[in-house]
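Asker: One structure, pasted below without further comment.
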Amino acid sequence: MACSGGGGPSQPPSPALSSVSPGSLPTCRSCSHNICMVSDFFYPNMGGVESHIYQLSQCLIERGHKVIIVTHAYGNRKGIRYLTNGLKVYYLPLKVMYNQSTATTLFHSLPLLRYIFVRERVTIIHSHSSFSAMAHDALFHAKTMGLQTVFTDHSLFGFADVSSVLTNKLLTVSLCDTNHIICVSYTSKENTVLRAALNPEIVSVIPNAVDPTDFTPDPFRRHDSVITIVVVSRLVYRKGTDLLSGIIPELCQKYPDLNFVIGGEGPKRIILEEVRERYQLHDRVRLLGALEHKDVRNVLVQGHIFLNTSLTEAFCMAIVEAASCGLQVVSTRVGGIPEVLPESLIILCEPSVKSLCEGLEKAISQLKSGALPPPESIHNIVKTFYTWRNVAERTEKVYDRVAGEAVLPMDKRLDRLISHCGPVTGCIFALLAVFNFLFLVFLRWMTPDSIIDVAIDATGPKGAWTRQYPSHANGDENNEESETR
Amino acid sequence: MEDEQSFSDICGGRLALQRRYYSPSCREFCLSCPRISFRSLTAVTCTVWLAAYGLFTLCENSMILSAAIFITLLGLLGYLHFVKIDQETLLIIDSLGIQMTSSYASGKESTTFIEMGKVKDVVINEAIYMQKVIYYLCILLKDPVDPQGISQVVPLFQFTGWAVGLQRDSSQRGAVRPELLPLRPHPCRLDPLVVGERLQMQQP
């Protein structure tokens, strides 16, 4: 956890930071924001988006903002939960359709989301991940309600196949009237701007971060008699598991002292098991299955070389984590990966079995000749690169800027939809936006905002989380009564 | 000693809370909602009758009209006797226990008593209910096997309105959008209303 070490009381955002956008209203400079993070992906699901949301929220709370998270129910985990520092998570009972993403009708989530936005007095909606239907729903509703919106894109897309064309169209619709967009790398920014036909000025780049204290090297855990290559990723097509199954037999034949440790679970695991079976590599290829985030470090420190075979990646957290543990990183040159680490710490290859094998051989020969820097020094270099506090600081600037901007009124929004998204899609979604607005008017008539009670602010050092009520409050109660009247 | 305050429930209806302090160790909290109004009664009856007449003109069977009479009468009786709760009372006696009484509109009363030994805590919890997110007051019962565990959660004031713990919290920090915030005049805070309770958060 990035922020537990801080301990100190949160400071209000310093004036130097807030002076980013000269055009913004001065009243919004110093005020803290009420932020609602919306994504389908959150703990107990594991992955980059989930930890990004969690760590960013914690650091924003530390900086004095109020943050809540809205996601869908995971099995038995539904309702309202509190995490560290009073971070409130709403697990809404919405149906999951595919791949942990909820089904969307653009309307059915409005009553609950509106209720939450109103009762938490949310001012900025921050949606995450373009795969998440709920995030897009929330953006749509927030714009109808006249709230400021920010969107973070965590992934890259193609332009060619049918599914990408459709997703890109939806993204265009969803982002054309969003206030600000955050991407995790310059490659990702380029990709998003092209896909969604955006004005590049409203797209910021804020990289992901890792918690360097969680990923420290431990050279005694690895055996120097053999060379261990570690792979930690979900075993799916996107992560290049097929490449991995080509690399394993080739390298194992060449180097008798080479071992593989593979952490992660996924539909492509069966391929790796087949390879292991066919080449009789049971003692040299270990498949660990699904890893919890806290176990990742223990796996990483067992190896010398970290291999990443992703086919598409906006910003690869795994390689930063591995480098932070002092491993030599070999990775494919795709997406935003070349931006992530300096050349001295990473060996980049083309996404093919041949090129990856060459890269690994180069790393192995460097390792054998002792040309690699010691893990401690790699860790000390990497830990200065990406920290969550820095990410939060930069995100805060985006919020400050967004808070000063005006939300498009309904008529302009319809104009924007029709002019930006093509005649057919634009008109359809303009119509849906009108329906959504009418639905909102109906809901406001059914339950006016005034009868929705305000939620207690549990976040931060002054939140209800830390406030103690006396257990026998006889004396106090009289005071409270007089206040209530 | 007795005092009375008025609140609103989650749907905006009016609720009256009476607090009676019999002695330092014995208190009573009584939450009552307005009796069934003549207007809604008339509206429902008229709707049923109009529907019945509509059907009657279609199929010209006088059975429908007599059925409508029975439906209205039985429905009203059932509603008053089983559904409509006028008043819910919570009597707390230190060292003895908590008694919950609900009085129906017909005069029927149902009472539950929980021994103090079984009560672990009284907390204000938050839940998603229908299309709303609400606060409600509930009693946590001790698990007889595991002293740290909770065997059951008993919601209080379920029928007259969950809305016991809810008042506006004007001490909210942060930016408030004026258009979202037509605050009602009465001052607000989450008042620890009952027992010696405190706001207890669910641990992660």
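Letters for chains follow the order of the structure tokens (A, B, ...), residue numbers begin at 1 for each chain, and ligand numbers begin at 1 in the order shown.
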Which residues are near stretch 38-55 of chain B? Cut-off 7 Å, only C-alpha atoms, ignore same chain within fewer than 4 positions. Put them as a list of chain:residue names.
Answerer: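 Residues meeting the cut-off are B:Cys59, B:Ile64, B:Leu65, B:Ala68, B:Thr72.
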Asker: For the helix (DSSP H, G or I) assignment from backbone DSSP, which residues of stretch 40-129 of chain A qualify? Please present them as a list in words.
Answerer: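 Taking stretch 40-129 of chain A and keeping helix (DSSP H, G or I) gives Gly48, Val49, Glu50, Ser51, His52, Ile53, Tyr54, Gln55, Leu56, Ser57, Gln58, Cys59, Leu60, Ile61, Glu62, Thr84, Asn85, Gly86, Leu110, Pro111, Leu112, Leu113, Arg114, Tyr115, Ile116, Phe117, Val118 and Arg119 of chain A.
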Asker: Please list as a tab-separated table (two decimals) with C-alpha atoms, in the first residue's frame every residue within 6 Å of B:Gln131, counting only C-alpha atoms and excluding residues in the same chain fewer than 2 positions away.
Answerer:
chain	number	residue	atom	x	y	z
A	111	PRO	CA	-31.59	5.43	-10.56
A	112	LEU	CA	-28.90	3.92	-8.37
B	129	TYR	CA	-32.48	-1.13	-0.94
Asker: When distances are computed from only C-alpha atoms, which of B:Ser62, B:Glu109, B:Phe29, B:Ser37 shows the smallest separation from B:Phe157?
Answerer: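 Smallest distance to B:Phe157 is found for B:Phe29.
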Asker: Which residues, written as a list in words, have at least one atom at most 6 Å from B:Gln87, with only C-alpha atoms counted and residues fewer than 4 positions away on the same chain left out?
Answerer: Leu31, Ser32, Ser102 and Ser103 of chain B
Asker: Just the selected residues (N, CA and C atoms), exported as a short mmCIF file (atom, residue, chain, number, x, y, z; two decimals), in the first residue's frame, please.
Answerer:
data_model
loop_
_atom_site.label_atom_id
_atom_site.label_comp_id
_atom_site.auth_asym_id
_atom_site.auth_seq_id
_atom_site.Cartn_x
_atom_site.Cartn_y
_atom_site.Cartn_z
N LEU B 31 -41.67 5.65 17.01
CA LEU B 31 -41.67 6.26 15.69
C LEU B 31 -43.03 6.03 15.07
N SER B 32 -43.73 7.10 14.73
CA SER B 32 -45.06 6.88 14.17
C SER B 32 -45.20 7.62 12.86
N SER B 102 -44.52 -3.38 17.19
CA SER B 102 -45.11 -2.68 16.05
C SER B 102 -46.62 -2.76 16.17
N SER B 103 -47.28 -1.63 16.04
CA SER B 103 -48.73 -1.61 16.12
C SER B 103 -49.29 -1.38 14.72
#
Asker: Env of B:Asp143: 10 Å cut, atoms = only C-alpha atoms, seq-sep filter 5 positions within chain, self excluded. Answer as a list in words.
Answerer: Lys118, Val119, Lys120, Gln148, Gly149, Ile150, Ser151 and Gln152 of chain B
Asker: Those selected residues, please, written with N, CA and C atoms and delivered as a compact mmCIF listing (two decimals), in the first residue's frame.
Answerer:
# COMPACT_ATOMS: atom_id res chain seq x y z
N LYS B 118 -27.74 -11.02 24.64
CA LYS B 118 -27.55 -11.45 23.26
C LYS B 118 -27.10 -10.32 22.36
N VAL B 119 -27.32 -9.08 22.85
CA VAL B 119 -27.03 -7.94 21.98
C VAL B 119 -25.54 -7.67 21.95
N LYS B 120 -25.02 -7.65 20.77
CA LYS B 120 -23.60 -7.32 20.66
C LYS B 120 -23.42 -5.82 20.51
N GLN B 148 -16.90 -13.46 19.30
CA GLN B 148 -16.56 -12.30 18.46
C GLN B 148 -17.51 -12.15 17.27
N GLY B 149 -18.17 -13.24 16.92
CA GLY B 149 -18.93 -13.24 15.68
C GLY B 149 -20.34 -12.67 15.84
N ILE B 150 -20.99 -12.49 14.73
CA ILE B 150 -22.35 -11.99 14.72
C ILE B 150 -23.24 -13.05 14.11
N SER B 151 -24.30 -13.42 14.83
CA SER B 151 -25.13 -14.48 14.30
C SER B 151 -26.26 -13.93 13.45
N GLN B 152 -26.69 -12.71 13.76
CA GLN B 152 -27.86 -12.21 13.06
C GLN B 152 -27.89 -10.70 13.11
Asker: If we count only C-alpha atoms, what is near A:Gly426 at a cut-off of 9 Å, once residues fewer than 5 positions away on the same chain are taken out, given as a PyMOL selection string?
Answerer: chain A and resi 173+414-421+431
Asker: Within 7 Å of A:Ala73, counting only C-alpha atoms, which residues qualify if same-chain residues fewer than 4 places away don't, as a PyMOL selection string?
Answerer: chain A and resi 77-78+91-94
Asker: Grab the residues selected above and save them as a short mmCIF file (atom, residue, chain, number, x, y, z; two decimals), in the first residue's frame with N, CA, C and O atoms.
Answerer:
data_model
loop_
_atom_site.label_atom_id
_atom_site.label_comp_id
_atom_site.auth_asym_id
_atom_site.auth_seq_id
_atom_site.Cartn_x
_atom_site.Cartn_y
_atom_site.Cartn_z
N ARG A 77 -20.00 -10.39 -2.44
CA ARG A 77 -19.53 -9.08 -2.01
C ARG A 77 -20.38 -8.00 -2.66
O ARG A 77 -20.09 -7.53 -3.75
N LYS A 78 -21.47 -7.66 -1.98
CA LYS A 78 -22.32 -6.60 -2.53
C LYS A 78 -22.72 -5.67 -1.41
O LYS A 78 -22.54 -5.98 -0.25
N TYR A 91 -20.72 -1.75 -4.05
CA TYR A 91 -20.83 -2.89 -4.96
C TYR A 91 -22.30 -2.99 -5.38
O TYR A 91 -23.13 -3.49 -4.62
N LEU A 92 -22.62 -2.50 -6.56
CA LEU A 92 -24.02 -2.42 -6.96
C LEU A 92 -24.50 -3.74 -7.55
O LEU A 92 -23.77 -4.39 -8.29
N PRO A 93 -25.72 -4.12 -7.24
CA PRO A 93 -26.24 -5.39 -7.76
C PRO A 93 -26.65 -5.29 -9.22
O PRO A 93 -27.82 -5.27 -9.54
N LEU A 94 -25.70 -5.16 -10.10
CA LEU A 94 -25.99 -5.14 -11.53
C LEU A 94 -25.50 -6.44 -12.14
O LEU A 94 -24.52 -7.01 -11.69
#
Asker: Calculate how many Å separate atom CA of B:Tyr21 from atom CA of B:Cys33, rounding to one decimal.
Answerer: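 Computing it gives 20.9 Å between the two atoms.
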Asker: Return as CSV the residues of stretch 164-278 of chain A lying at most 10 Å from stretch 318-327 of chain A, together with the closest atom-to-atom pair for each and the distance in Å to one decimal, counting only C-alpha atoms, with rows in chain order and ascending residue number.
Answerer:
residue,atom,partner,partner_atom,distance
A:Asn208,CA,A:Val320,CA,9.7
A:Ala209,CA,A:Val320,CA,8.2
A:Val210,CA,A:Glu321,CA,6.5
A:Asp211,CA,A:Glu321,CA,8.2
A:Pro212,CA,A:Ser324,CA,6.5
A:Thr213,CA,A:Ser324,CA,9.1
A:Asp214,CA,A:Glu321,CA,8.8
A:Phe215,CA,A:Cys325,CA,5.3
A:Thr216,CA,A:Cys325,CA,4.9
A:Pro217,CA,A:Cys325,CA,4.2
A:Asp218,CA,A:Cys325,CA,7.5
A:Pro219,CA,A:Gly326,CA,8.5
A:Ile229,CA,A:Leu327,CA,9.4
A:Val230,CA,A:Ala322,CA,9.0
A:Val231,CA,A:Ala318,CA,9.3
A:Val232,CA,A:Ala318,CA,7.4
A:Ser233,CA,A:Ala318,CA,7.8
Asker: Using DSSP secondary structure from the backbone, list all strand (DSSP E) positions within stretch 203-420 of chain A, as an NGL selection string.
Answerer: :A and (203-205 or 227-232 or 258-263 or 285-289 or 305-308 or 328-332 or 346-349)
Asker: For atom CA of A:Leu307 and atom CA of A:Glu343, quote the distance in Å rounded to one decimal.
Answerer: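 So the answer is 15.4 Å.
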Asker: Using only C-alpha atoms for the distances, tell me which of A:Glu120, A:Glu405, A:Asp283, A:Glu393 is nearest to A:Leu60.
Answerer: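 So, comparing all the options, the nearest one is A:Glu393.
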Asker: Smallest atom-to-atom distance to chain B: which of A:Thr447, A:Thr459, A:Gln302, A:Asn85, using only C-alpha atoms?
Answerer: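 For chain B, the nearest of the candidates is A:Thr447.
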Asker: Given the choices B:Gln18, B:Glu2, B:Cys11, B:Glu115, which gets closest to chain A if the distance is worked out from only C-alpha atoms?
Answerer: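 Selected residue with least distance to chain A: B:Cys11.
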Asker: Using Å and a single decimal, report how far atom CA of A:Ala135 sits from atom CA of A:Lys239.
Answerer: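 Atom CA of A:Lys239 sits 23.7 Å away from atom CA of A:Ala135.
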